[in-house]
file final-v3.csv (CSV, C-alpha atoms)
chain,number,residue,atom,x,y,z
L,1,MET,CA,-17.0,13.2,-32.4
L,2,SER,CA,-15.8,14.7,-29.1
L,3,GLU,CA,-18.4,12.6,-27.3
L,4,VAL,CA,-16.6,9.4,-28.3
L,5,LYS,CA,-14.3,8.5,-25.4
L,6,THR,CA,-11.5,6.1,-25.8
L,7,ARG,CA,-12.2,2.8,-24.1
L,8,ARG,CA,-8.6,1.8,-24.0
L,9,VAL,CA,-7.3,1.3,-20.4
L,10,LYS,CA,-4.3,-0.2,-18.7
L,11,LEU,CA,-5.1,-3.0,-16.2
L,12,LEU,CA,-2.7,-3.9,-13.5
L,13,TYR,CA,-2.7,-6.9,-11.2
L,14,PHE,CA,-0.7,-7.3,-7.9
L,15,ALA,CA,0.2,-10.0,-5.4
L,16,TRP,CA,-1.9,-13.2,-5.7
L,17,VAL,CA,-4.2,-11.6,-8.3
L,18,ARG,CA,-1.1,-11.1,-10.5
L,19,GLU,CA,-0.1,-14.7,-9.9
L,20,LYS,CA,-3.5,-16.2,-10.7
L,21,VAL,CA,-4.0,-14.0,-13.8
L,22,GLY,CA,-0.5,-14.9,-14.9
L,23,SER,CA,0.4,-11.3,-15.8
L,24,GLY,CA,1.3,-8.0,-14.1
L,25,GLY,CA,-0.8,-6.0,-16.5
L,26,GLU,CA,-2.2,-5.4,-20.0
L,27,GLU,CA,-3.8,-2.8,-22.2
L,28,VAL,CA,-7.4,-3.7,-23.1
L,29,GLU,CA,-10.3,-2.3,-25.1
L,30,LEU,CA,-13.3,-2.3,-22.9
L,31,PRO,CA,-16.8,-2.8,-24.3
L,32,GLN,CA,-19.0,0.3,-24.1
L,33,ASP,CA,-21.4,-1.3,-21.6
L,34,VAL,CA,-18.6,-1.7,-19.0
L,35,ALA,CA,-19.3,1.3,-16.8
L,36,THR,CA,-17.9,0.6,-13.3
L,37,VAL,CA,-15.1,-1.2,-11.6
L,38,ALA,CA,-17.5,-4.1,-10.8
L,39,ASP,CA,-18.4,-4.3,-14.5
L,40,VAL,CA,-14.7,-4.6,-15.4
L,41,ILE,CA,-14.4,-7.6,-13.0
L,42,ASP,CA,-17.5,-9.2,-14.6
L,43,TRP,CA,-16.0,-8.6,-18.1
L,44,LEU,CA,-12.6,-10.0,-17.1
L,45,LYS,CA,-14.3,-13.2,-15.8
L,46,THR,CA,-15.5,-13.9,-19.3
L,47,ARG,CA,-12.0,-13.9,-20.7
L,48,GLY,CA,-10.7,-17.2,-19.4
L,49,PRO,CA,-10.4,-19.6,-16.4
L,50,GLN,CA,-7.4,-17.7,-15.0
L,51,PHE,CA,-9.6,-14.6,-14.5
L,52,ASP,CA,-12.4,-16.7,-13.1
L,53,GLU,CA,-10.0,-18.1,-10.6
L,54,ALA,CA,-8.4,-14.7,-9.7
L,55,PHE,CA,-11.7,-13.0,-9.2
L,56,ALA,CA,-13.7,-15.9,-7.7
L,57,ARG,CA,-14.0,-14.2,-4.4
L,58,PRO,CA,-14.9,-10.5,-5.1
L,59,GLU,CA,-14.9,-9.7,-1.3
L,60,LEU,CA,-11.1,-10.3,-1.4
L,61,ILE,CA,-10.5,-7.9,-4.3
L,62,ARG,CA,-9.6,-4.3,-3.9
L,63,ALA,CA,-9.3,-1.8,-6.7
L,64,ALA,CA,-7.7,1.5,-7.5
L,65,VAL,CA,-8.5,3.8,-10.4
L,66,ASP,CA,-5.7,6.1,-11.6
L,67,LYS,CA,-3.8,5.2,-8.4
L,68,VAL,CA,-6.6,6.1,-5.9
L,69,HIS,CA,-8.6,3.5,-3.9
L,70,VAL,CA,-12.2,3.0,-5.1
L,71,LYS,CA,-15.3,1.0,-4.4
L,72,PRO,CA,-16.7,-1.5,-6.9
L,73,ALA,CA,-19.4,0.9,-7.9
L,74,ALA,CA,-16.9,3.5,-9.0
L,75,PRO,CA,-17.4,4.7,-12.6
L,76,ILE,CA,-14.5,4.2,-15.0
L,77,ALA,CA,-15.4,6.8,-17.7
L,78,GLY,CA,-12.2,8.6,-18.8
L,79,VAL,CA,-9.8,6.7,-16.6
L,80,ARG,CA,-6.4,5.5,-17.8
L,81,GLU,CA,-5.4,2.8,-15.3
L,82,ILE,CA,-7.3,0.3,-13.2
L,83,ALA,CA,-5.5,-1.9,-10.7
L,84,PHE,CA,-6.8,-5.0,-8.9
L,85,PHE,CA,-5.2,-6.5,-5.8
L,86,PRO,CA,-5.8,-8.2,-2.5
L,87,PRO,CA,-6.3,-6.3,0.8
L,88,VAL,CA,-3.0,-4.6,1.5
L,89,THR,CA,-0.5,-6.0,4.1
L,90,GLY,CA,2.3,-3.5,4.4
L,91,GLY,CA,3.8,-1.9,7.5
F,1,MET,CA,7.7,15.9,5.1
F,2,ALA,CA,8.8,13.0,3.0
F,3,VAL,CA,8.0,9.5,1.9
F,4,LYS,CA,10.5,7.0,0.5
F,5,VAL,CA,10.0,3.6,-1.0
F,6,GLN,CA,13.4,1.8,-1.3
F,7,ARG,CA,15.1,-1.6,-1.4
F,8,GLU,CA,18.0,-0.6,0.8
F,9,ASP,CA,17.9,-0.4,4.6
F,10,PHE,CA,17.5,2.8,6.5
F,11,ASP,CA,19.5,4.4,9.2
F,12,ILE,CA,17.3,5.9,11.9
F,13,ALA,CA,19.9,8.2,13.4
F,14,ALA,CA,20.9,9.6,10.0
F,15,GLU,CA,17.2,10.2,9.1
F,16,ILE,CA,16.6,12.0,12.4
F,17,ALA,CA,19.8,14.1,11.9
F,18,ALA,CA,18.7,15.1,8.4
F,19,MET,CA,15.2,16.0,9.6
F,20,THR,CA,16.3,18.1,12.5
F,21,ALA,CA,19.5,19.8,11.0
F,22,GLY,CA,19.5,23.5,11.9
F,23,ARG,CA,16.1,23.4,13.5
F,24,THR,CA,15.2,24.6,17.0
F,25,ASP,CA,11.4,24.4,16.7
F,26,ILE,CA,11.3,20.6,17.2
F,27,GLY,CA,10.9,19.6,20.8
F,28,ALA,CA,9.7,16.0,20.4
F,29,ILE,CA,10.6,13.1,18.0
F,30,VAL,CA,8.8,9.8,17.9
F,31,THR,CA,10.0,6.9,15.8
F,32,PHE,CA,8.4,3.6,15.0
F,33,THR,CA,10.3,0.8,13.3
F,34,GLY,CA,8.7,-2.4,11.9
F,35,ARG,CA,10.9,-5.4,11.4
F,36,VAL,CA,10.5,-8.9,9.9
F,37,ARG,CA,9.7,-11.5,12.6
F,38,GLY,CA,11.2,-15.0,12.3
F,39,ASP,CA,8.3,-16.6,14.1
F,40,GLU,CA,10.6,-19.1,15.8
F,41,GLY,CA,12.4,-20.2,12.6
F,42,HIS,CA,9.2,-20.6,10.6
F,43,VAL,CA,9.9,-17.6,8.3
F,44,ALA,CA,13.0,-17.8,6.0
F,45,LYS,CA,12.2,-14.9,3.7
F,46,MET,CA,9.7,-12.1,3.3
F,47,THR,CA,9.1,-10.5,-0.1
F,48,LEU,CA,7.4,-7.1,-0.3
F,49,GLU,CA,5.6,-6.2,-3.5
F,50,HIS,CA,4.1,-2.7,-4.1
F,51,TYR,CA,2.3,-0.6,-6.7
F,52,PRO,CA,4.9,1.9,-7.9
F,53,GLY,CA,3.5,5.4,-8.2
F,54,MET,CA,0.4,4.7,-6.2
F,55,THR,CA,2.4,3.7,-3.1
F,56,GLU,CA,4.2,7.1,-3.0
F,57,ALA,CA,0.9,8.9,-3.7
F,58,GLU,CA,-1.0,7.1,-1.0
F,59,LEU,CA,1.8,7.5,1.6
F,60,SER,CA,1.8,11.3,0.8
F,61,ARG,CA,-2.0,11.4,1.2
F,62,ILE,CA,-1.7,9.7,4.6
F,63,GLU,CA,1.1,12.0,5.7
F,64,ALA,CA,-1.0,15.0,4.6
F,65,ASP,CA,-3.9,13.7,6.7
F,66,ALA,CA,-1.7,13.5,9.7
F,67,GLN,CA,-0.4,17.0,9.2
F,68,ALA,CA,-4.0,18.3,9.0
F,69,ARG,CA,-4.8,16.6,12.3
F,70,TRP,CA,-1.7,17.4,14.4
F,71,PRO,CA,0.8,20.3,14.6
F,72,LEU,CA,3.7,18.4,13.2
F,73,GLN,CA,7.0,20.2,12.5
F,74,ALA,CA,8.3,17.3,10.3
F,75,SER,CA,7.4,13.7,9.4
F,76,LEU,CA,9.0,10.9,7.4
F,77,ILE,CA,7.8,7.5,6.2
F,78,VAL,CA,10.3,5.0,4.8
F,79,HIS,CA,9.1,1.6,3.5
F,80,ARG,CA,11.3,-1.1,2.1
F,81,VAL,CA,10.4,-3.4,-0.8
F,82,GLY,CA,12.0,-6.5,-2.3
F,83,GLU,CA,13.4,-9.5,-0.4
F,84,LEU,CA,13.9,-9.3,3.3
F,85,VAL,CA,14.9,-11.8,6.0
F,86,PRO,CA,14.0,-12.0,9.7
F,87,GLY,CA,15.6,-9.2,11.7
F,88,ASP,CA,15.5,-6.8,8.7
F,89,ASN,CA,13.8,-3.5,9.0
F,90,ILE,CA,10.6,-3.0,7.0
F,91,VAL,CA,9.2,0.4,7.8
F,92,LEU,CA,10.2,3.6,9.6
F,93,VAL,CA,7.9,6.3,10.7
F,94,VAL,CA,9.3,9.5,12.3
F,95,THR,CA,7.1,12.3,13.6
F,96,ALA,CA,8.4,15.6,15.0
F,97,SER,CA,6.4,18.2,16.9
F,98,ALA,CA,6.9,21.0,19.5
F,99,HIS,CA,5.4,18.8,22.2
F,100,ARG,CA,5.2,15.0,22.6
F,101,GLN,CA,1.5,14.3,22.3
F,102,ALA,CA,1.2,15.3,18.7
F,103,ALA,CA,4.3,13.2,17.7
F,104,PHE,CA,3.1,10.1,19.6
F,105,GLU,CA,-0.5,10.2,18.3
F,106,ALA,CA,0.6,11.1,14.7
F,107,ALA,CA,3.0,8.1,14.6
F,108,GLY,CA,0.3,5.7,15.6
F,109,PHE,CA,-2.1,7.2,13.0
F,110,LEU,CA,0.5,7.0,10.2
F,111,MET,CA,1.2,3.3,11.0
F,112,ASP,CA,-2.5,2.4,11.2
F,113,TYR,CA,-3.3,4.1,7.9
F,114,LEU,CA,-0.2,2.8,6.2
F,115,LYS,CA,-1.2,-0.8,7.1
F,116,THR,CA,-4.7,-0.5,5.7
F,117,ARG,CA,-4.2,1.9,2.8
F,118,ALA,CA,-0.7,1.8,1.3
F,119,PRO,CA,-0.5,-0.7,-1.6
F,120,PHE,CA,2.1,-3.1,-0.2
F,121,TRP,CA,1.8,-6.9,-0.1
F,122,LYS,CA,3.9,-9.4,1.9
F,123,LYS,CA,4.7,-12.9,0.8
F,124,VAL,CA,6.4,-15.2,3.3
F,125,THR,CA,8.6,-18.1,2.3
F,126,THR,CA,9.1,-20.8,5.0
F,127,ALA,CA,12.2,-22.6,5.9
F,128,SER,CA,10.9,-25.6,3.9
F,129,GLY,CA,10.5,-23.5,0.8
F,130,GLU,CA,6.7,-23.0,0.8
F,131,SER,CA,5.4,-19.6,0.2
F,132,ALA,CA,2.1,-17.8,0.9
F,133,TRP,CA,0.7,-14.3,0.8
F,134,VAL,CA,0.1,-12.7,4.2
F,135,GLU,CA,-3.6,-12.2,4.8
F,136,ALA,CA,-4.9,-8.8,6.0
F,137,ARG,CA,-5.7,-8.7,9.7
F,138,GLN,CA,-9.1,-7.5,10.8
F,139,GLY,CA,-7.4,-5.9,13.8
F,140,ASP,CA,-5.6,-3.5,11.5
F,141,GLU,CA,-8.9,-2.3,10.0
F,142,SER,CA,-10.3,-1.8,13.5
F,143,ALA,CA,-7.2,0.1,14.6
F,144,THR,CA,-7.6,2.5,11.6
F,145,ARG,CA,-11.3,3.1,12.4
F,146,ARG,CA,-10.5,4.5,15.8
F,147,TRP,CA,-9.2,7.6,14.2
F,148,SER,CA,-12.4,8.4,12.3
call {"tool": "encode", "arguments": {"input": "final-v3.csv", "output": "structure tokens"}}
result
Amino acid sequence: MSEVKTRRVKLLYFAWVREKVGSGGEEVELPQDVATVADVIDWLKTRGPQFDEAFARPELIRAAVDKVHVKPAAPIAGVREIAFFPPVTGG
Amino acid sequence: MAVKVQREDFDIAAEIAAMTAGRTDIGAIVTFTGRVRGDEGHVAKMTLEHYPGMTEAELSRIEADAQARWPLQASLIVHRVGELVPGDNIVLVVTASAHRQAAFEAAGFLMDYLKTRAPFWKKVTTASGESAWVEARQGDESATRRWS
């Protein structure tokens, strides 16, 4: 039983990704075949037109896993929080 | 060695006084202050959003990187969030070292990395009430790459 990992993760959206999705975040159950950050984006795009719109240009989407920047190919096994946002513009 | 994310303004003199109180090992202090530009009346308001928790963690990682590269006696990053207007302060970086070169270089490094790594997003509202998210500048990414 210890092999069965929970697939429940918190998703967070910031800036125009948040506005297009229409929410700052949510708890979701990910299907078992969703293995990477890029897979999460593909899965989100099946959930409605607002996600299609928010993730229409993947080159403009950045991601963080448990508050650390990651590439789209990053694995998500065992992570608690995945955030999606545009390129940062602070300073 | 500190990072602060706050809504309120900062006082540069007070921050330097706190950093240097009782210390005689600091021979050089460099500060950088970023402010909201009005762009000749075009900008009415700037709203800064961030990722609470990650912002502080990322700023601390950037500060640790600077400390690993230069002999800094002290450093500070203060970044404001919320609604700002032209002329308001946005960000303060202070670096302190025994000699000036480390403080100058580390301040530039901290700002370059902050602009391309710290999870802040700016939205500008114009005088006519239209708003748009600021797009990332390619030049900021190039400026960051010069350190690698």
call {"tool": "interface_residues", "arguments": {"input": "final-v3.csv", "of": "chain F", "to": "chain L", "cutoff": "8 Å", "atoms": "all atoms listed in the file", "output": "list in words"}}
result
Gly34, Leu48, Glu49, His50, Tyr51, Gly53, Met54, Ala57, Glu58, His79, Ile90, Val91, Met111, Leu114, Lys115, Thr116, Arg117, Ala118, Pro119, Phe120, Trp121, Lys122, Trp133, Val134, Glu135 and Ala136 of chain F
call {"tool": "atom_distance", "arguments": {"input": "final-v3.csv", "atom1": "CA of Glu29 in chain L", "atom2": "CA of Thr55 in chain F"}}
result
26.1 Å
call {"tool": "residues_around", "arguments": {"input": "final-v3.csv", "residues": "range 32-46 of chain L", "least_positions_apart": "5", "cutoff": "10 Å", "atoms": "all atoms listed in the file", "output": "PyMOL selection string"}}
result
chain L and resi 5-7+11+51-56+58+61-65+70-77+82-84
call {"tool": "closest_residue", "arguments": {"input": "final-v3.csv", "among": "F:Arg7, F:Arg146, F:Arg35, F:Arg61", "to": "Gly108 in chain F", "atoms": "only C-alpha atoms"}}
result
F:Arg146
call {"tool": "atom_distance", "arguments": {"input": "final-v3.csv", "atom1": "CA of Ala66 in chain F", "atom2": "CA of Glu81 in chain L"}}
result
27.4 Å
call {"tool": "atom_distance", "arguments": {"input": "final-v3.csv", "atom1": "CA of Glu15 in chain F", "atom2": "CA of Thr95 in chain F"}}
result
11.3 Å
call {"tool": "closest_residue", "arguments": {"input": "final-v3.csv", "among": "F:Ser97, F:Ala64, F:His42, F:Gly82", "to": "Met19 in chain F", "atoms": "only C-alpha atoms"}}
result
F:Ser97
call {"tool": "closest_residue", "arguments": {"input": "final-v3.csv", "among": "F:Met46, F:Pro86, F:Ala68, F:Gln73", "to": "Ala132 in chain F", "atoms": "only C-alpha atoms"}}
result
F:Met46
call {"tool": "residues_around", "arguments": {"input": "final-v3.csv", "residues": "Val93 in chain F", "least_positions_apart": "3", "cutoff": "6 Å", "atoms": "all atoms listed in the file", "output": "VMD selection string"}}
result
chain F and resid 31 to 32 76 to 77
call {"tool": "residues_around", "arguments": {"input": "final-v3.csv", "residues": "range 21-28 of chain F", "least_positions_apart": "3", "cutoff": "9 Å", "atoms": "all atoms listed in the file", "output": "list in words"}}
result
Ile16, Ala17, Ala18, Leu72, Gln73, Ala74, Thr95, Ala96, Ser97, Ala98, His99, Arg100, Gln101, Ala102, Ala103 and Phe104 of chain F
call {"tool": "residues_around", "arguments": {"input": "final-v3.csv", "residues": "Val85 in chain F", "least_positions_apart": "4", "cutoff": "9 Å", "atoms": "all atoms listed in the file", "output": "PyMOL selection string"}}
result
chain F and resi 36-38+43-47+89
